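Undergrad: Pasting structure_0.pdb here (PDB, C-alpha atoms, pLDDT in the B column):
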ATOM      1  CA  LYS H   1      15.222 -15.896  -5.358  1.00 48.00           C
ATOM      2  CA  VAL H   2      12.440 -15.004  -2.928  1.00 52.00           C
ATOM      3  CA  LYS H   3      11.270 -11.473  -3.564  1.00 61.00           C
ATOM      4  CA  GLY H   4      10.690 -10.619   0.093  1.00 65.00           C
ATOM      5  CA  GLY H   5       7.863  -8.566   1.468  1.00 72.00           C
ATOM      6  CA  ILE H   6       7.471  -6.465  -1.666  1.00 85.00           C
ATOM      7  CA  ALA H   7       5.541  -9.244  -3.433  1.00 83.00           C
ATOM      8  CA  GLY H   8       2.565  -8.943  -1.095  1.00 81.00           C
ATOM      9  CA  LEU H   9       2.614  -5.167  -1.121  1.00 88.00           C
ATOM     10  CA  ARG H  10       2.844  -5.144  -4.923  1.00 91.00           C
ATOM     11  CA  ALA H  11      -0.575  -6.836  -5.095  1.00 90.00           C
ATOM     12  CA  HIS H  12      -2.019  -4.072  -2.911  1.00 91.00           C
ATOM     13  CA  LEU H  13      -0.491  -1.447  -5.190  1.00 95.00           C
ATOM     14  CA  PHE H  14      -2.029  -3.050  -8.283  1.00 95.00           C
ATOM     15  CA  HIS H  15      -5.387  -3.022  -6.482  1.00 95.00           C
ATOM     16  CA  ARG H  16      -4.966   0.650  -5.593  1.00 94.00           C
ATOM     17  CA  ARG H  17      -4.096   1.429  -9.221  1.00 96.00           C
ATOM     18  CA  LYS H  18      -7.152  -0.423 -10.542  1.00 96.00           C
ATOM     19  CA  LYS H  19      -9.436   1.417  -8.089  1.00 96.00           C
ATOM     20  CA  LYS H  20      -7.622   4.733  -8.745  1.00 93.00           C
ATOM     21  CA  LEU H  21      -6.989   5.150  -5.028  1.00 91.00           C
ATOM     22  CA  GLY H  22      -3.485   6.588  -5.309  1.00 79.00           C
ATOM     23  CA  ASP H  23      -1.744   8.251  -2.396  1.00 89.00           C
ATOM     24  CA  ALA H  24       0.190   5.208  -1.150  1.00 95.00           C
ATOM     25  CA  TRP H  25       3.600   5.422   0.488  1.00 96.00           C
ATOM     26  CA  LEU H  26       6.098   2.580   0.228  1.00 94.00           C
ATOM     27  CA  LEU H  27       8.998   2.188   2.620  1.00 93.00           C
ATOM     28  CA  PHE H  28      11.137  -0.607   1.189  1.00 91.00           C
ATOM     29  CA  GLY H  29      14.354  -2.147   2.380  1.00 88.00           C
ATOM     30  CA  GLU H  30      16.659  -4.886   1.162  1.00 85.00           C
ATOM     31  CA  ARG H  31      20.357  -5.648   1.110  1.00 86.00           C
ATOM     32  CA  GLY H  32      21.506  -4.070  -2.142  1.00 80.00           C
ATOM     33  CA  HIS H  33      20.022  -1.755  -4.741  1.00 82.00           C
ATOM     34  CA  ALA H  34      21.572  -3.499  -7.749  1.00 78.00           C
ATOM     35  CA  THR H  35      20.606  -7.012  -6.648  1.00 76.00           C
ATOM     36  CA  ASP H  36      17.470  -6.645  -4.535  1.00 78.00           C
ATOM     37  CA  LEU H  37      15.286  -3.831  -5.865  1.00 81.00           C
ATOM     38  CA  TYR H  38      12.553  -6.202  -6.960  1.00 83.00           C
ATOM     39  CA  TYR H  39       9.862  -5.050  -9.385  1.00 88.00           C
ATOM     40  CA  ALA H  40      11.751  -1.810 -10.010  1.00 90.00           C
ATOM     41  CA  GLU H  41       9.849  -1.150 -13.236  1.00 93.00           C
ATOM     42  CA  ASP H  42       6.516  -1.634 -11.475  1.00 93.00           C
ATOM     43  CA  LEU H  43       7.598   0.755  -8.724  1.00 94.00           C
ATOM     44  CA  LYS H  44       8.559   3.386 -11.312  1.00 95.00           C
ATOM     45  CA  ALA H  45       5.168   2.964 -13.020  1.00 96.00           C
ATOM     46  CA  PHE H  46       3.326   3.229  -9.697  1.00 96.00           C
ATOM     47  CA  ALA H  47       5.171   6.487  -8.999  1.00 96.00           C
ATOM     48  CA  ALA H  48       4.502   7.815 -12.510  1.00 96.00           C
ATOM     49  CA  ASP H  49       0.742   7.252 -12.288  1.00 96.00           C
ATOM     50  CA  ARG H  50       0.652   8.495  -8.656  1.00 95.00           C
ATOM     51  CA  THR H  51      -0.424   5.161  -7.208  1.00 96.00           C
ATOM     52  CA  LEU H  52       2.666   5.768  -5.086  1.00 96.00           C
ATOM     53  CA  ALA H  53       2.757   9.304  -3.754  1.00 96.00           C
ATOM     54  CA  ARG H  54       6.031   8.605  -1.969  1.00 96.00           C
ATOM     55  CA  THR H  55       8.701   5.906  -2.037  1.00 94.00           C
ATOM     56  CA  ASP H  56      11.519   5.652   0.497  1.00 94.00           C
ATOM     57  CA  LEU H  57      14.215   3.037  -0.118  1.00 92.00           C
ATOM     58  CA  VAL H  58      16.970   1.743   2.113  1.00 90.00           C
ATOM     59  CA  PHE H  59      19.660  -0.839   1.368  1.00 89.00           C
ATOM     60  CA  SER H  60      21.390  -2.285   4.398  1.00 88.00           C
ATOM     61  CA  ARG H  61      24.625  -3.402   2.726  1.00 80.00           C
ATOM     62  CA  GLU H  62      25.312  -0.058   1.089  1.00 82.00           C
ATOM     63  CA  GLY H  63      26.797   2.946   2.781  1.00 77.00           C
ATOM     64  CA  GLU H  64      28.921   3.210   5.870  1.00 77.00           C
ATOM     65  CA  SER H  65      26.355   2.047   8.401  1.00 79.00           C
ATOM     66  CA  ARG H  66      23.625  -0.549   8.231  1.00 88.00           C
ATOM     67  CA  ARG H  67      20.200   1.010   7.880  1.00 89.00           C
ATOM     68  CA  TYR H  68      16.882  -0.791   7.739  1.00 91.00           C
ATOM     69  CA  VAL H  69      13.190  -0.060   7.172  1.00 94.00           C
ATOM     70  CA  GLN H  70      12.678   0.580  10.879  1.00 96.00           C
ATOM     71  CA  HIS H  71      15.197   3.427  10.585  1.00 94.00           C
ATOM     72  CA  LEU H  72      13.154   4.933   7.733  1.00 95.00           C
ATOM     73  CA  VAL H  73      10.028   4.671   9.897  1.00 97.00           C
ATOM     74  CA  ALA H  74      11.694   6.383  12.865  1.00 97.00           C
ATOM     75  CA  GLU H  75      13.096   9.162  10.666  1.00 96.00           C
ATOM     76  CA  ALA H  76       9.699   9.813   9.055  1.00 97.00           C
ATOM     77  CA  CYS H  77       7.874   9.993  12.396  1.00 97.00           C
ATOM     78  CA  ALA H  78       6.112  13.324  11.780  1.00 98.00           C
ATOM     79  CA  ASP H  79       4.994  12.316   8.285  1.00 98.00           C
ATOM     80  CA  ILE H  80       3.764   8.913   9.473  1.00 98.00           C
ATOM     81  CA  ALA H  81       1.788  10.516  12.297  1.00 98.00           C
ATOM     82  CA  ALA H  82       0.233  12.950   9.800  1.00 98.00           C
ATOM     83  CA  TRP H  83      -0.720  10.171   7.360  1.00 97.00           C
ATOM     84  CA  VAL H  84      -2.262   8.117  10.177  1.00 97.00           C
ATOM     85  CA  ALA H  85      -4.164  11.179  11.407  1.00 97.00           C
ATOM     86  CA  ARG H  86      -5.829  11.439   8.006  1.00 95.00           C
ATOM     87  CA  GLY H  87      -6.774   7.734   8.022  1.00 95.00           C
ATOM     88  CA  ALA H  88      -3.850   5.858   6.503  1.00 95.00           C
ATOM     89  CA  SER H  89      -3.474   2.095   6.790  1.00 95.00           C
ATOM     90  CA  ILE H  90      -0.122   0.518   7.592  1.00 96.00           C
ATOM     91  CA  LEU H  91       0.811  -2.787   5.952  1.00 94.00           C
ATOM     92  CA  VAL H  92       4.042  -4.489   6.983  1.00 93.00           C
ATOM     93  CA  CYS H  93       5.395  -7.387   4.924  1.00 90.00           C
ATOM     94  CA  GLY H  94       8.717  -9.105   5.507  1.00 87.00           C
ATOM     95  CA  GLY H  95      10.943 -10.736   8.060  1.00 88.00           C
ATOM     96  CA  LEU H  96      10.357 -11.037  11.787  1.00 93.00           C
ATOM     97  CA  ALA H  97      13.264  -8.841  12.861  1.00 93.00           C
ATOM     98  CA  MET H  98      12.277  -6.028  10.492  1.00 92.00           C
ATOM     99  CA  ALA H  99       8.628  -6.258  11.548  1.00 94.00           C
ATOM    100  CA  ALA H 100       9.555  -6.097  15.234  1.00 97.00           C
ATOM    101  CA  GLY H 101      11.742  -3.047  14.616  1.00 96.00           C
ATOM    102  CA  VAL H 102       8.996  -1.352  12.605  1.00 97.00           C
ATOM    103  CA  GLN H 103       6.443  -2.081  15.324  1.00 98.00           C
ATOM    104  CA  ASP H 104       8.737  -0.608  17.986  1.00 98.00           C
ATOM    105  CA  ALA H 105       9.216   2.511  15.851  1.00 98.00           C
ATOM    106  CA  LEU H 106       5.452   2.812  15.275  1.00 98.00           C
ATOM    107  CA  ILE H 107       4.770   2.501  19.006  1.00 98.00           C
ATOM    108  CA  ALA H 108       7.281   5.297  19.626  1.00 98.00           C
ATOM    109  CA  ILE H 109       5.495   7.458  17.026  1.00 98.00           C
ATOM    110  CA  LEU H 110       1.835   6.630  17.607  1.00 98.00           C
ATOM    111  CA  GLY H 111       1.704   5.010  21.033  1.00 98.00           C
ATOM    112  CA  GLU H 112       0.767   1.441  21.858  1.00 98.00           C
ATOM    113  CA  GLU H 113      -2.926   2.268  22.358  1.00 98.00           C
ATOM    114  CA  LYS H 114      -3.254   3.844  18.891  1.00 98.00           C
ATOM    115  CA  LEU H 115      -1.442   0.925  17.242  1.00 98.00           C
ATOM    116  CA  ASP H 116      -3.732  -1.526  19.080  1.00 98.00           C
ATOM    117  CA  GLN H 117      -6.777   0.439  17.855  1.00 98.00           C
ATOM    118  CA  MET H 118      -5.429   0.325  14.301  1.00 98.00           C
ATOM    119  CA  THR H 119      -4.880  -3.425  14.611  1.00 97.00           C
ATOM    120  CA  GLN H 120      -8.431  -3.986  15.864  1.00 98.00           C
ATOM    121  CA  SER H 121      -9.919  -1.886  13.065  1.00 98.00           C
ATOM    122  CA  GLY H 122      -7.766  -3.519  10.368  1.00 97.00           C
ATOM    123  CA  LEU H 123      -5.715  -0.393   9.679  1.00 97.00           C
ATOM    124  CA  TYR H 124      -2.479  -2.059  10.848  1.00 97.00           C
ATOM    125  CA  ARG H 125      -1.771  -5.434   9.281  1.00 96.00           C
ATOM    126  CA  ARG H 126       1.328  -7.584   9.172  1.00 95.00           C
ATOM    127  CA  ASP H 127       2.370 -10.429   6.878  1.00 91.00           C
ATOM    128  CA  ILE H 128       5.593 -11.540   8.495  1.00 90.00           C
ATOM    129  CA  TYR H 129       7.776 -14.606   8.332  1.00 87.00           C
TER     130      TYR H 129
END
With the file now loaded, output its structure as structure tokens.
TA:
Amino acid sequence: KVKGGIAGLRAHLFHRRKKKLGDAWLLFGERGHATDLYYAEDLKAFAADRTLARTDLVFSREGESRRYVQHLVAEACADIAAWVARGASILVCGGLAMAAGVQDALIAILGEEKLDQMTQSGLYRRDIY
């Protein structure tokens, strides 16, 4: 089975671990926790060694209502704005619909001009399909 957008982000996390950069935040979404939490052991290890400072997970086929990564982004608006203010990069990997929803949420949080600036400077990158 294809392992979704996490595969590309996993490589970035291994790089951050090797360089001892730490302080990454992963917002990850899939259909089900039991079937789609890819690389769960790696994610636990990244959290344990502080490569991941924060991990937010959402599973769209669990719970009463469907929730997606873009919902996590919108709910974490103040934290995202604070991370960006201190120089954070935003990497988005995954499907077109998710990426569009995340971009809309980021525009609502940061403004279109700021997101354009981040794109031009390489601080906002997308690997979408």
Undergrad: Have a look at H:Lys114, H:Arg54, H:Arg126, H:Lys18 and name the one nearest to Ala100 (chain H); count only C-alpha atoms.
TA: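 Going through H:Lys114, H:Arg54, H:Arg126, H:Lys18 one by one, the smallest distance to Ala100 (chain H) is for H:Arg126.
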Undergrad: Kindly indicate which residue among H:Ile128, H:Ala24, H:Leu57, H:Leu43 lies nearest to Ile80 (chain H), using all atoms listed in the file for the distances.
TA: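 Using all atoms listed in the file, Ile80 (chain H) sits closest to H:Ala24.
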Undergrad: Could you tell me how far CA of Ala108 (chain H) lies from CA of Cys77 (chain H), in Å and to one decimal?
TA: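 Separating CA of Ala108 (chain H) from CA of Cys77 (chain H) is a distance of 8.6 Å.
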Undergrad: What does the distance from CA of Gly111 (chain H) to CA of Ala11 (chain H) come to in Å, to one decimal?
TA: 28.8 Å
Undergrad: May I ask for the distance between CA of Thr35 (chain H) and CA of Ala74 (chain H), given in Å to one decimal place?
TA: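 Going from CA of Thr35 (chain H) over to CA of Ala74 (chain H) covers 25.3 Å.
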Undergrad: Would you kindly return, as a list of chain:residue names, each protein, DNA or RNA residue with an atom no farther than 12 Å from any atom of Ala76 (chain H), considering only C-alpha atoms and excluding same-chain residues fewer than 3 positions away?
TA: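 Once the adjacent positions are removed, what remains is H:Trp25, H:Leu26, H:Leu27, H:Arg54, H:Thr55, H:Asp56, H:Val69, H:Gln70, H:His71, H:Leu72, H:Val73, H:Asp79, H:Ile80, H:Ala81, H:Ala82, H:Trp83, H:Val102, H:Ala105, H:Leu106, H:Ala108, H:Ile109.
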Undergrad: Expand the PyMOL selection byres ((chain H and resi 61) around 6) into the individual residues it matches in the shown file, reporting them as an NGL selection string.
TA: :H and (31-32 or 59-60 or 62)
Undergrad: Scan for residues within 7 Å of the point (12.6, -1.0, -1.5) in the coordinates of the file, using all atoms listed in the file, and reply as an mmCIF file with C-alpha atoms, keeping the file's coordinate frame.
TA:
data_model
loop_
_atom_site.group_PDB
_atom_site.id
_atom_site.type_symbol
_atom_site.label_atom_id
_atom_site.label_comp_id
_atom_site.auth_asym_id
_atom_site.auth_seq_id
_atom_site.Cartn_x
_atom_site.Cartn_y
_atom_site.Cartn_z
ATOM 1 C CA LEU H 27 8.998 2.188 2.620
ATOM 2 C CA PHE H 28 11.137 -0.607 1.189
ATOM 3 C CA GLY H 29 14.354 -2.147 2.380
ATOM 4 C CA GLU H 30 16.659 -4.886 1.162
ATOM 5 C CA LEU H 37 15.286 -3.831 -5.865
ATOM 6 C CA LEU H 57 14.215 3.037 -0.118
ATOM 7 C CA VAL H 58 16.970 1.743 2.113
#
Undergrad: For the file shown, report as a PyMOL selection string the outcome of the PyMOL selection byres ((chain H and resi 94) around 7) at residue level.
TA: chain H and resi 4-5+92-93+95-96+98-99+127-129
Undergrad: Since I can't run it myself right now, could you work out what the PyMOL selection byres ((chain H and resi 90) around 7) selects here and report it as a PyMOL selection string?
TA: chain H and resi 88-89+91-92+123-125
Undergrad: Counting all atoms listed in the file, figure out which residue out of H:Asp104, H:Asp42, H:Asp23, H:Asp49 gets nearest to Arg10 (chain H).
TA: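 For Arg10 (chain H), the nearest of the candidates is H:Asp42.
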Undergrad: Quick one: residues within 8 Å of Leu13 (chain H), all atoms listed in the file, excluding same-chain residues fewer than 2 positions away - as a VMD selection string?
TA: chain H and resid 9 to 11 15 to 17 24 46 51 to 52
Undergrad: Given only C-alpha atoms as the basis, pick out the residue of H:Ala53, H:Met118, H:Leu110, H:Ala78 nearest to Gly22 (chain H).
TA: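 Ranked by minimum distance to Gly22 (chain H), first place goes to H:Ala53.
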Undergrad: Just add all heavy atoms to region 69-80 of chain H and send it as a PDB file, keeping the file's coordinate frame.
TA:
ATOM      1  N   VAL H  69      14.509  -0.697   7.290  1.00 94.00           N
ATOM      2  CA  VAL H  69      13.190  -0.060   7.172  1.00 94.00           C
ATOM      3  C   VAL H  69      12.788   0.612   8.484  1.00 94.00           C
ATOM      4  O   VAL H  69      12.237   1.715   8.472  1.00 94.00           O
ATOM      5  CB  VAL H  69      12.122  -1.078   6.717  1.00 94.00           C
ATOM      6  CG1 VAL H  69      10.724  -0.480   6.784  1.00 94.00           C
ATOM      7  CG2 VAL H  69      12.412  -1.557   5.309  1.00 94.00           C
ATOM      8  N   GLN H  70      13.057  -0.026   9.608  1.00 96.00           N
ATOM      9  CA  GLN H  70      12.678   0.580  10.879  1.00 96.00           C
ATOM     10  C   GLN H  70      13.357   1.934  11.090  1.00 96.00           C
ATOM     11  O   GLN H  70      12.793   2.817  11.744  1.00 96.00           O
ATOM     12  CB  GLN H  70      12.913  -0.363  12.060  1.00 96.00           C
ATOM     13  CG  GLN H  70      14.283  -0.934  12.171  1.00 96.00           C
ATOM     14  CD  GLN H  70      14.432  -2.289  11.493  1.00 96.00           C
ATOM     15  OE1 GLN H  70      13.897  -2.530  10.430  1.00 96.00           O
ATOM     16  NE2 GLN H  70      15.171  -3.187  12.136  1.00 96.00           N
ATOM     17  N   HIS H  71      14.538   2.123  10.511  1.00 94.00           N
ATOM     18  CA  HIS H  71      15.197   3.427  10.585  1.00 94.00           C
ATOM     19  C   HIS H  71      14.435   4.455   9.742  1.00 94.00           C
ATOM     20  O   HIS H  71      14.272   5.605  10.162  1.00 94.00           O
ATOM     21  CB  HIS H  71      16.650   3.331  10.127  1.00 94.00           C
ATOM     22  CG  HIS H  71      17.484   2.445  10.997  1.00 94.00           C
ATOM     23  ND1 HIS H  71      18.124   1.336  10.525  1.00 94.00           N
ATOM     24  CD2 HIS H  71      17.723   2.485  12.328  1.00 94.00           C
ATOM     25  CE1 HIS H  71      18.754   0.742  11.528  1.00 94.00           C
ATOM     26  NE2 HIS H  71      18.517   1.420  12.632  1.00 94.00           N
ATOM     27  N   LEU H  72      13.971   4.038   8.561  1.00 95.00           N
ATOM     28  CA  LEU H  72      13.154   4.933   7.733  1.00 95.00           C
ATOM     29  C   LEU H  72      11.899   5.355   8.486  1.00 95.00           C
ATOM     30  O   LEU H  72      11.499   6.523   8.451  1.00 95.00           O
ATOM     31  CB  LEU H  72      12.748   4.254   6.425  1.00 95.00           C
ATOM     32  CG  LEU H  72      13.821   3.951   5.401  1.00 95.00           C
ATOM     33  CD1 LEU H  72      13.203   3.256   4.188  1.00 95.00           C
ATOM     34  CD2 LEU H  72      14.559   5.206   4.984  1.00 95.00           C
ATOM     35  N   VAL H  73      11.253   4.389   9.147  1.00 97.00           N
ATOM     36  CA  VAL H  73      10.028   4.671   9.897  1.00 97.00           C
ATOM     37  C   VAL H  73      10.319   5.697  10.996  1.00 97.00           C
ATOM     38  O   VAL H  73       9.606   6.704  11.132  1.00 97.00           O
ATOM     39  CB  VAL H  73       9.414   3.378  10.480  1.00 97.00           C
ATOM     40  CG1 VAL H  73       8.265   3.687  11.428  1.00 97.00           C
ATOM     41  CG2 VAL H  73       8.948   2.454   9.353  1.00 97.00           C
ATOM     42  N   ALA H  74      11.352   5.464  11.770  1.00 97.00           N
ATOM     43  CA  ALA H  74      11.694   6.383  12.865  1.00 97.00           C
ATOM     44  C   ALA H  74      12.014   7.785  12.343  1.00 97.00           C
ATOM     45  O   ALA H  74      11.598   8.783  12.945  1.00 97.00           O
ATOM     46  CB  ALA H  74      12.862   5.825  13.671  1.00 97.00           C
ATOM     47  N   GLU H  75      12.722   7.861  11.225  1.00 96.00           N
ATOM     48  CA  GLU H  75      13.096   9.162  10.666  1.00 96.00           C
ATOM     49  C   GLU H  75      11.895   9.912  10.093  1.00 96.00           C
ATOM     50  O   GLU H  75      11.899  11.139  10.030  1.00 96.00           O
ATOM     51  CB  GLU H  75      14.159   8.976   9.581  1.00 96.00           C
ATOM     52  CG  GLU H  75      15.486   8.521  10.144  1.00 96.00           C
ATOM     53  CD  GLU H  75      16.419   7.945   9.089  1.00 96.00           C
ATOM     54  OE1 GLU H  75      16.080   7.975   7.884  1.00 96.00           O
ATOM     55  OE2 GLU H  75      17.492   7.455   9.482  1.00 96.00           O
ATOM     56  N   ALA H  76      10.888   9.190   9.668  1.00 97.00           N
ATOM     57  CA  ALA H  76       9.699   9.813   9.055  1.00 97.00           C
ATOM     58  C   ALA H  76       8.564   9.952  10.066  1.00 97.00           C
ATOM     59  O   ALA H  76       7.391  10.010   9.687  1.00 97.00           O
ATOM     60  CB  ALA H  76       9.258   8.989   7.854  1.00 97.00           C
ATOM     61  N   CYS H  77       8.892  10.036  11.343  1.00 97.00           N
ATOM     62  CA  CYS H  77       7.874   9.993  12.396  1.00 97.00           C
ATOM     63  C   CYS H  77       6.785  11.045  12.208  1.00 97.00           C
ATOM     64  O   CYS H  77       5.595  10.738  12.335  1.00 97.00           O
ATOM     65  CB  CYS H  77       8.511  10.070  13.771  1.00 97.00           C
ATOM     66  SG  CYS H  77       9.475  11.552  14.078  1.00 97.00           S
ATOM     67  N   ALA H  78       7.130  12.277  11.921  1.00 98.00           N
ATOM     68  CA  ALA H  78       6.112  13.324  11.780  1.00 98.00           C
ATOM     69  C   ALA H  78       5.211  13.050  10.580  1.00 98.00           C
ATOM     70  O   ALA H  78       3.986  13.224  10.661  1.00 98.00           O
ATOM     71  CB  ALA H  78       6.771  14.693  11.645  1.00 98.00           C
ATOM     72  N   ASP H  79       5.791  12.614   9.481  1.00 98.00           N
ATOM     73  CA  ASP H  79       4.994  12.316   8.285  1.00 98.00           C
ATOM     74  C   ASP H  79       4.079  11.116   8.520  1.00 98.00           C
ATOM     75  O   ASP H  79       2.917  11.129   8.111  1.00 98.00           O
ATOM     76  CB  ASP H  79       5.894  12.052   7.079  1.00 98.00           C
ATOM     77  CG  ASP H  79       6.620  13.307   6.601  1.00 98.00           C
ATOM     78  OD1 ASP H  79       6.170  14.424   6.929  1.00 98.00           O
ATOM     79  OD2 ASP H  79       7.639  13.160   5.912  1.00 98.00           O
ATOM     80  N   ILE H  80       4.590  10.089   9.180  1.00 98.00           N
ATOM     81  CA  ILE H  80       3.764   8.913   9.473  1.00 98.00           C
ATOM     82  C   ILE H  80       2.597   9.304  10.375  1.00 98.00           C
ATOM     83  O   ILE H  80       1.453   8.917  10.123  1.00 98.00           O
ATOM     84  CB  ILE H  80       4.609   7.775  10.074  1.00 98.00           C
ATOM     85  CG1 ILE H  80       5.499   7.179   8.977  1.00 98.00           C
ATOM     86  CG2 ILE H  80       3.725   6.700  10.718  1.00 98.00           C
ATOM     87  CD1 ILE H  80       6.531   6.183   9.464  1.00 98.00           C
TER      88      ILE H  80
END
